[in-house]
Amino acid sequence: MNEPIVEFKNFGFQYNAQAEPTLYDINLKIHKGEKVLIAGPSGCGKSTLAHCINGLIPFSFRGESTGTVTIMGRETKDLSLFEISKTVGTVLQDSDSQFIGLTVAEDIAFALENDCVGEPEMHDRVQKAAQIVNIESHLLHAPSELSGGQKQRVSLAGVMVDDVDVLLFDEPLANLDPATGKSAIELIDEIHKETGAAVIIIEHRLEDVLHRDVDRIVLMKQGRIISDTSPDVLLSSDLLLENGIREPLYLTAIKYAGVKVTEEMLPHSIRSLKLSDDDRGSVVSWFRSTPPRVREENRPYLLRAKNITFSYSSGHRALTDVSVDVRKGELIAIVGTNGAGKSTFSKVVCGFEHEQEGEIEFTGCDWKNMSLKERADHVGYVMQNPNQMLSKPMIYDEVALGLRTRGLSEDEIRPRVEKTLKTCGLWPFRNWPVSALSFGQKKRVTIASILVLEPEMIILDEPTAGQDYRHYTEIMEFLRDLNSEGVTVVMITHDMHLMLEYAERSVVFTDGAVIADDTSAGILTDPDIIKRANLKETSLYDLAVMCGIEEPREFVQRFIDYEREVFRS
Amino acid sequence: MRNIFNYIDRPSPVHRLTGATKFICLLLWSFAAMSTYDTRLLVLLTVLSFVLFYISKIRLRDVSFLLSFMAVFMILNNILIFLFSPQHGVTLYGTCHELFSLGGRYVVTKEQLFYHLNLVLKYFATIPIVLLFVCTTNPSEFAASLNRVGVRYTIAYSVALALRYIPDIQKSYHEISQAQQARGIEMSKKQNLVKRLKSASTILIPLILSSMDRIDVISNAMELRGFGKGKKRTWYMARPFKAADIAAMAVCALLLGASITLNVINGGRFWNPFV
């Protein structure tokens with residue numbers, strides 16, 4: 001075996017601002033040309049580990065460390081951040097906010113410019129890096145003209161101009177729609193094979209990363225590495241479930257069917273998975289024996305948007321003849337790629353923008369002349385980033401804000417705020433400052449600050465963006481509870497798990513029009529819709545086909561219903 | 001929502017000059033126009049600036065907003081000078097040719113009108129050049145040009161980045177304000193000042209906090225790619241000076257030279273035709 005490129009020896013780290021160490025006793029070797037996935041729940045220390053590899057620790061974040069981290073045999077603390085960046089190229093999570101240059105070419109050239117590379121050589125190397133990631137036809141485009149996937153390609157090219165030996169990806173899938181995420185994983189794989197650089201991917205979406213092979217999965221929990229092994233070994237253990245990482249859906253399904261997953265079955269991908277005839281039989285009989293859930297009667301309409309057409313003042317047509325109905329008490333998802341019109345639609349409903357054609361009815365009343373503020377008493381809107389909504393230092397005041405602006409007396413406000421805080425599980429924190437909360441808790445505060453106005457319906461923009469499985473489940477179960485108490489919930493998302501597991505029904509937007517309105521299981525098993533909306537077929541579908549089940553759509557539906565029951569009990 | 005630079009890409013000789021040339025020319029030209037009240041030179045500069053504006057293929061309607069803003073400013077400036085110091089011209093030129101009286105101390109003199117003429121000429125001599133710089137300099141070249149005239153690249157880049165983020169910040173301001181209005185925060189002008197300030201804080205605080213997050217990410221991203229490593233850096237968009245660039249700078253330097261020479265000949269900033 002060749003020398004490791006990155007090596008941790010008995011390494012521990014504690015941030016100056018924190019009372020407890022974030023990393024304990026890390027021993028890890030990454031060799032040249034390896035492809036390693038580092039997984040673990042939020043707060044397990046995987047981002048800190050990444051910072052130690054790319055040099056942000058110890059050079060940008062201060063703290064106490066024990067043990068050693070070496071890169072190419074030299075300790076990182078004896079190098080400089082810049083020397084490390086010649087060996088380790090980092091692609092950060094949010095490719096939008098790390099876009100530095102004003103155009104694609106400049107962004108790719110950024111590291112070269114800082115290195116005083118002369119112009120002819122620079123143009124040459126930028127061109128080459130752009131070709132590898134297939135963005136060379138967009139060299140003079142501005143970031144605003146690129147899609148999320150293209151921006152990520154640019155970030156990747158930006159670190160590849162330097163011929164790095166290690167490529168480090170920090171949650172590469174976080175901001176991408178399912179289809180783009182899939183091609184990102186394919187691209188990473190191609191680059192890995194072409195350049196021979198070691199690839200380290202930090203991500204908690206295991207199934208999506210495993211779309212292409214990885215050599216090892218390092219699993220972390222509470223600052224320690226608890227497993228470092230091949231995907232097949234890890235997936236045939238129970239470590240993932242025990243540690244709050246979602247296992248691939250097809251494995252959950254065969255486990256429900258009573259099949260034991262072993263290393264020999266090559267469980268790391270649905271394509272490699274080997275099922276014996278017996279295993280297949282078990283899956284089929286599980287399917288047959290799981291009763292279809294009884295659907296509820298149609299409830300009355302809450303919101304009816306009819307033939308909405310809307311163009312921005314720039315002339316850009318954002319919605320064309322969009323009709324969406326939402327019934328009382330539903331929990332639905334609005335899906336589609338960035339720019340497909342899903343956010344614009346919710347803005348029109350909330351009255352932030354005004355439709356040019358069509359009409360909106362709410363509980364049978366025409367909403368044409370309702371102001372933004374009047375609509376807000378019925379429909380609440382929760383933004384994606386809680387930091388864009390929180391404006392008061394104390395939680396209580398933040399939640400009370402909407403009531404105070406409506407001129408209620410403090411005596412009326414107090415019981416309503418307290419009730420909402422209890423509903424949202426924020427009662428223990430009622431006297432805390434907002435700044436002391438985690439991201440997920442902040443999200444709850446923003447939801448609470450909307451719920452306190454007692455709207456019949458809330459619209460949430462990407463409610464689980466950037467959340468790991470545990471927080472995701474926490475937020476979604478909370479929304480489901482609210483829903484069962486009668487609040488109608490509409491979620492804008494491109495997370496397929498979310499739509500599959502929580503939304504009864506999904507409305508699919510593409511290019512400003514609704515192209516499908518069906519059960520989520522129906523949509524995620526329809527190849528045509530999947531393709532047009534940049535979604536991805538669910539592996540459950542492949543599993544059903546593999547087991548010779550003729551109604552894959554029904555199989556997916558029953559899986560979801562079954563899982564819901566399991567979760568409930 | 002427009003970028004502050006409002007770069008308009010059209011093929012013209014002015015566009016072909018490098019950003020650094022345009023920046024240096026802008027500085028030289030403005031000094032030339034500022035340092036003298038010699039009508040002859042100001043007329044020359046005005047004529048030249050109009051010609052350049054024509055050559056650059058920038059149309060008046062492209063810059064109508066900035067132009068009307070500056071026009072208002074110019075008129076205000078003139079009115080205020082006349083209101084506060086109606087005999088300024090007389091003091092400057094030492095003679096007094098009265099034309100007519102507007103009552104009280106407001107007597108219109110030839111000298112005062114001549115002073116205002118020069119002032120207006122200064123505006124006409126510089127505004128087209130400023131607009132040209134704004135409209136024909138590729139924003140990508142801006143930081144590079146600042147760097148070329150001696151500003152440290154870390155500072156030049158920060159300025160360019162800040163300008164670039166203005167449209168983004170405008171966008172998130174808009175989004176935040178919509179979401180906060182839905183919670184019942186009034187932004188209308190009907191409210192009294194204290195209430196409006198309070199409302200503004202419910203938008204500004206989230207805006208600042210979310211912008212800080214972004215600054216954090218971008219500064220990490222920049223450091224990871226070697227920003228700040230050396231004393232110098234190169235620029236992808238930098239272009240070498242060509243003959244036209246040298247010529248343009250030479251002409252502007254000559255104009256500044258002429259302006260300084262005239263100051264010496266006139267024995268001050270003012271050319272006095274009254275004696």
# chains A, B, ... in the order shown; residues from 1 in each chain; ligands from 1
call {"tool": "interface_residues", "arguments": {"of": "chain A", "to": "chain B", "cutoff": "7 Å", "atoms": "only C-alpha atoms", "output": "PyMOL selection string"}}
result
chain A and resi 81-82+85+97-98+102+106+109+111+113-119+352+372-373+376+381+387-391+402+405-406
call {"tool": "write_last_selection", "arguments": {"atoms": "C-alpha atoms", "output": "short mmCIF file (atom, residue, chain, number, x, y, z; two decimals), in the first residue's frame"}}
result
data_model
loop_
_atom_site.label_atom_id
_atom_site.label_comp_id
_atom_site.auth_asym_id
_atom_site.auth_seq_id
_atom_site.Cartn_x
_atom_site.Cartn_y
_atom_site.Cartn_z
CA LEU A 81 -3.31 27.40 4.43
CA PHE A 82 -2.05 28.25 0.95
CA SER A 85 -4.72 24.43 -0.80
CA SER A 97 -22.23 31.84 -2.07
CA GLN A 98 -18.73 30.59 -2.82
CA LEU A 102 -17.98 37.85 -11.82
CA GLU A 106 -12.73 34.44 -13.57
CA ALA A 109 -9.02 31.41 -12.56
CA ALA A 111 -6.62 30.46 -7.49
CA GLU A 113 -4.63 34.79 -10.19
CA ASN A 114 -3.65 34.59 -6.53
CA ASP A 115 -0.70 32.52 -7.58
CA CYS A 116 0.49 35.19 -10.03
CA VAL A 117 0.23 32.84 -13.00
CA GLY A 118 0.82 34.75 -16.23
CA GLU A 119 -2.06 35.44 -18.59
CA PHE A 352 -46.54 39.34 -2.48
CA LEU A 372 -51.04 41.04 1.79
CA LYS A 373 -51.74 41.58 5.48
CA ALA A 376 -51.59 36.61 6.10
CA TYR A 381 -45.39 31.87 4.64
CA ASN A 387 -32.07 33.94 9.59
CA GLN A 388 -34.05 35.88 6.99
CA MET A 389 -37.06 36.06 9.30
CA LEU A 390 -35.74 36.40 12.84
CA SER A 391 -35.60 40.02 13.94
CA GLY A 402 -47.14 39.36 14.49
CA THR A 405 -48.29 44.54 15.04
CA ARG A 406 -51.94 43.60 14.90
#
call {"tool": "residues_around", "arguments": {"residues": "Leu17 (chain B)", "least_positions_apart": "6", "cutoff": "12 Å", "atoms": "only C-alpha atoms", "output": "list in words"}}
result
Pro11, Phe23, Ile24, Cys25, Ser56, Leu132, Phe133, Thr136, Thr137, Asn138, Glu141, Ser145, Ala238, Arg239, Pro240, Phe241, Lys242, Ala243, Ala244, Asp245, Ile246, Ala247, Ala248 and Met249 of chain B
call {"tool": "write_last_selection", "arguments": {"atoms": "N, CA and C atoms", "output": "PDB file, in the first residue's frame"}}
result
ATOM      1  N   PRO B  11     -19.778  47.285 -29.283  1.00  0.00           N
ATOM      2  CA  PRO B  11     -18.441  47.408 -29.884  1.00  0.00           C
ATOM      3  C   PRO B  11     -18.114  48.871 -30.163  1.00  0.00           C
ATOM      4  N   PHE B  23      -9.839  54.226 -16.175  1.00  0.00           N
ATOM      5  CA  PHE B  23      -9.814  54.734 -14.823  1.00  0.00           C
ATOM      6  C   PHE B  23      -8.798  55.881 -14.702  1.00  0.00           C
ATOM      7  N   ILE B  24      -7.614  55.685 -15.296  1.00  0.00           N
ATOM      8  CA  ILE B  24      -6.585  56.729 -15.244  1.00  0.00           C
ATOM      9  C   ILE B  24      -7.066  57.966 -15.996  1.00  0.00           C
ATOM     10  N   CYS B  25      -7.669  57.743 -17.174  1.00  0.00           N
ATOM     11  CA  CYS B  25      -8.175  58.872 -17.959  1.00  0.00           C
ATOM     12  C   CYS B  25      -9.241  59.630 -17.183  1.00  0.00           C
ATOM     13  N   SER B  56     -18.798  56.218 -28.262  1.00  0.00           N
ATOM     14  CA  SER B  56     -18.921  55.018 -27.429  1.00  0.00           C
ATOM     15  C   SER B  56     -20.203  54.234 -27.687  1.00  0.00           C
ATOM     16  N   LEU B 132     -19.350  57.451 -19.108  1.00  0.00           N
ATOM     17  CA  LEU B 132     -18.632  56.546 -20.004  1.00  0.00           C
ATOM     18  C   LEU B 132     -17.892  55.491 -19.215  1.00  0.00           C
ATOM     19  N   PHE B 133     -17.219  55.917 -18.145  1.00  0.00           N
ATOM     20  CA  PHE B 133     -16.476  54.962 -17.332  1.00  0.00           C
ATOM     21  C   PHE B 133     -17.429  53.913 -16.754  1.00  0.00           C
ATOM     22  N   THR B 136     -18.912  51.688 -19.800  1.00  0.00           N
ATOM     23  CA  THR B 136     -18.074  50.938 -20.744  1.00  0.00           C
ATOM     24  C   THR B 136     -17.003  50.102 -20.051  1.00  0.00           C
ATOM     25  N   THR B 137     -16.925  50.191 -18.707  1.00  0.00           N
ATOM     26  CA  THR B 137     -15.933  49.378 -18.015  1.00  0.00           C
ATOM     27  C   THR B 137     -16.577  48.076 -17.578  1.00  0.00           C
ATOM     28  N   ASN B 138     -16.057  46.989 -18.080  1.00  0.00           N
ATOM     29  CA  ASN B 138     -16.539  45.683 -17.666  1.00  0.00           C
ATOM     30  C   ASN B 138     -16.287  45.552 -16.170  1.00  0.00           C
ATOM     31  N   GLU B 141     -13.225  44.111 -14.875  1.00  0.00           N
ATOM     32  CA  GLU B 141     -11.949  44.802 -15.002  1.00  0.00           C
ATOM     33  C   GLU B 141     -11.767  45.861 -13.939  1.00  0.00           C
ATOM     34  N   SER B 145      -8.320  47.287 -12.533  1.00  0.00           N
ATOM     35  CA  SER B 145      -7.867  48.644 -12.842  1.00  0.00           C
ATOM     36  C   SER B 145      -7.471  49.392 -11.583  1.00  0.00           C
ATOM     37  N   ALA B 238      -7.267  40.968 -17.123  1.00  0.00           N
ATOM     38  CA  ALA B 238      -6.357  42.070 -17.432  1.00  0.00           C
ATOM     39  C   ALA B 238      -5.931  41.993 -18.889  1.00  0.00           C
ATOM     40  N   ARG B 239      -5.795  43.178 -19.511  1.00  0.00           N
ATOM     41  CA  ARG B 239      -5.326  43.187 -20.889  1.00  0.00           C
ATOM     42  C   ARG B 239      -4.129  44.114 -20.949  1.00  0.00           C
ATOM     43  N   PRO B 240      -3.170  43.797 -21.798  1.00  0.00           N
ATOM     44  CA  PRO B 240      -2.003  44.685 -21.896  1.00  0.00           C
ATOM     45  C   PRO B 240      -2.409  46.009 -22.545  1.00  0.00           C
ATOM     46  N   PHE B 241      -1.681  47.079 -22.188  1.00  0.00           N
ATOM     47  CA  PHE B 241      -1.933  48.372 -22.837  1.00  0.00           C
ATOM     48  C   PHE B 241      -1.582  48.285 -24.307  1.00  0.00           C
ATOM     49  N   LYS B 242      -2.447  48.844 -25.160  1.00  0.00           N
ATOM     50  CA  LYS B 242      -2.149  48.912 -26.589  1.00  0.00           C
ATOM     51  C   LYS B 242      -1.866  50.368 -26.938  1.00  0.00           C
ATOM     52  N   ALA B 243      -1.542  50.613 -28.220  1.00  0.00           N
ATOM     53  CA  ALA B 243      -1.232  51.977 -28.659  1.00  0.00           C
ATOM     54  C   ALA B 243      -2.361  52.926 -28.297  1.00  0.00           C
ATOM     55  N   ALA B 244      -3.603  52.490 -28.520  1.00  0.00           N
ATOM     56  CA  ALA B 244      -4.755  53.352 -28.252  1.00  0.00           C
ATOM     57  C   ALA B 244      -4.802  53.741 -26.775  1.00  0.00           C
ATOM     58  N   ASP B 245      -4.437  52.787 -25.898  1.00  0.00           N
ATOM     59  CA  ASP B 245      -4.463  53.072 -24.464  1.00  0.00           C
ATOM     60  C   ASP B 245      -3.453  54.150 -24.110  1.00  0.00           C
ATOM     61  N   ILE B 246      -2.226  53.970 -24.656  1.00  0.00           N
ATOM     62  CA  ILE B 246      -1.167  54.939 -24.387  1.00  0.00           C
ATOM     63  C   ILE B 246      -1.593  56.314 -24.907  1.00  0.00           C
ATOM     64  N   ALA B 247      -2.150  56.315 -26.136  1.00  0.00           N
ATOM     65  CA  ALA B 247      -2.572  57.580 -26.746  1.00  0.00           C
ATOM     66  C   ALA B 247      -3.633  58.247 -25.881  1.00  0.00           C
ATOM     67  N   ALA B 248      -4.622  57.474 -25.443  1.00  0.00           N
ATOM     68  CA  ALA B 248      -5.711  58.050 -24.655  1.00  0.00           C
ATOM     69  C   ALA B 248      -5.160  58.682 -23.382  1.00  0.00           C
ATOM     70  N   MET B 249      -4.245  57.954 -22.715  1.00  0.00           N
ATOM     71  CA  MET B 249      -3.699  58.501 -21.470  1.00  0.00           C
ATOM     72  C   MET B 249      -2.854  59.734 -21.738  1.00  0.00           C
TER      73      MET B 249
END
call {"tool": "atom_distance", "arguments": {"atom1": "CA of Arg153 (chain A)", "atom2": "CA of Met122 (chain A)"}}
result
18.4 Å
call {"tool": "residues_around", "arguments": {"residues": "Phe270 (chain B)", "least_positions_apart": "5", "cutoff": "12 Å", "atoms": "only C-alpha atoms", "output": "ChimeraX atom specification"}}
result
/B:34-42,89,91-94,111,114-115,118-119,259-260,262-265
call {"tool": "select_by_dssp", "arguments": {"residues": "region 39-112 of chain A", "states": "strand (DSSP E)", "output": "compact mmCIF listing (two decimals) with C-alpha atoms, in the first residue's frame"}}
result
# COMPACT_ATOMS: atom_id res chain seq x y z
CA ALA A 39 -21.11 10.21 6.92
CA GLY A 63 -8.88 25.89 18.99
CA GLU A 64 -6.87 23.36 20.95
CA SER A 65 -5.72 20.23 19.19
CA THR A 66 -4.07 17.03 20.32
CA GLY A 67 -2.35 14.41 18.15
CA THR A 68 -1.39 15.11 14.54
CA VAL A 69 -2.82 15.62 11.07
CA THR A 70 -0.38 15.14 8.23
CA ILE A 71 -0.77 15.87 4.54
CA ARG A 74 3.95 16.92 6.72
CA GLU A 75 2.00 18.17 9.69
CA VAL A 88 -6.35 19.72 -1.09
CA GLY A 89 -9.06 21.32 -3.22
CA THR A 90 -12.31 22.02 -1.39
CA VAL A 91 -15.75 22.34 -2.95
call {"tool": "atom_distance", "arguments": {"atom1": "CA of Gly341 (chain A)", "atom2": "CA of Thr103 (chain A)"}}
result
25.6 Å
call {"tool": "residues_around", "arguments": {"residues": "Glu563 (chain A)", "least_positions_apart": "3", "cutoff": "10 Å", "atoms": "only C-alpha atoms", "output": "PyMOL selection string"}}
result
chain A and resi 252-253+256+501+557-560+566-569
call {"tool": "write_last_selection", "arguments": {"atoms": "N, CA and C atoms", "output": "PDB file, in the first residue's frame"}}
result
ATOM      1  N   THR A 252     -34.309  -0.826   3.248  1.00  0.00           N
ATOM      2  CA  THR A 252     -35.379  -0.766   4.234  1.00  0.00           C
ATOM      3  C   THR A 252     -36.521  -1.669   3.783  1.00  0.00           C
ATOM      4  N   ALA A 253     -36.844  -1.599   2.494  1.00  0.00           N
ATOM      5  CA  ALA A 253     -37.969  -2.381   1.979  1.00  0.00           C
ATOM      6  C   ALA A 253     -37.707  -3.882   2.128  1.00  0.00           C
ATOM      7  N   TYR A 256     -38.102  -4.920   5.673  1.00  0.00           N
ATOM      8  CA  TYR A 256     -39.520  -5.047   6.040  1.00  0.00           C
ATOM      9  C   TYR A 256     -40.042  -6.421   5.608  1.00  0.00           C
ATOM     10  N   GLU A 501     -42.361  10.536   1.473  1.00  0.00           N
ATOM     11  CA  GLU A 501     -42.731  10.069   2.804  1.00  0.00           C
ATOM     12  C   GLU A 501     -43.790  10.900   3.491  1.00  0.00           C
ATOM     13  N   GLN A 557     -46.364   2.902  -2.995  1.00  0.00           N
ATOM     14  CA  GLN A 557     -47.398   3.450  -2.122  1.00  0.00           C
ATOM     15  C   GLN A 557     -47.524   2.631  -0.834  1.00  0.00           C
ATOM     16  N   ARG A 558     -47.512   1.302  -0.987  1.00  0.00           N
ATOM     17  CA  ARG A 558     -47.684   0.471   0.200  1.00  0.00           C
ATOM     18  C   ARG A 558     -46.479   0.564   1.115  1.00  0.00           C
ATOM     19  N   PHE A 559     -45.298   0.698   0.519  1.00  0.00           N
ATOM     20  CA  PHE A 559     -44.095   0.876   1.330  1.00  0.00           C
ATOM     21  C   PHE A 559     -44.234   2.121   2.205  1.00  0.00           C
ATOM     22  N   ILE A 560     -44.675   3.207   1.579  1.00  0.00           N
ATOM     23  CA  ILE A 560     -44.804   4.466   2.334  1.00  0.00           C
ATOM     24  C   ILE A 560     -45.836   4.323   3.440  1.00  0.00           C
ATOM     25  N   VAL A 566     -45.263   2.047  10.844  1.00  0.00           N
ATOM     26  CA  VAL A 566     -44.135   1.654  11.694  1.00  0.00           C
ATOM     27  C   VAL A 566     -43.682   2.840  12.534  1.00  0.00           C
ATOM     28  N   PHE A 567     -43.605   4.003  11.868  1.00  0.00           N
ATOM     29  CA  PHE A 567     -43.137   5.200  12.541  1.00  0.00           C
ATOM     30  C   PHE A 567     -44.091   5.621  13.652  1.00  0.00           C
ATOM     31  N   ARG A 568     -45.371   5.498  13.355  1.00  0.00           N
ATOM     32  CA  ARG A 568     -46.388   5.918  14.319  1.00  0.00           C
ATOM     33  C   ARG A 568     -46.337   5.077  15.592  1.00  0.00           C
ATOM     34  N   SER A 569     -46.105   3.749  15.393  1.00  0.00           N
ATOM     35  CA  SER A 569     -46.231   2.875  16.558  1.00  0.00           C
ATOM     36  C   SER A 569     -44.950   2.838  17.384  1.00  0.00           C
TER      37      SER A 569
END
call {"tool": "atom_distance", "arguments": {"atom1": "CA of Asn272 (chain B)", "atom2": "CA of Asn77 (chain B)"}}
result
22.3 Å
call {"tool": "closest_residue", "arguments": {"among": "A:Leu28, A:Ala333, A:Met72, A:Ile492", "to": "Phe8 (chain A)", "atoms": "only C-alpha atoms"}}
result
A:Leu28
call {"tool": "closest_residue", "arguments": {"among": "A:Val545, A:Val294, A:Leu139, A:Leu524", "to": "Asp561 (chain A)", "atoms": "only C-alpha atoms"}}
result
A:Val294
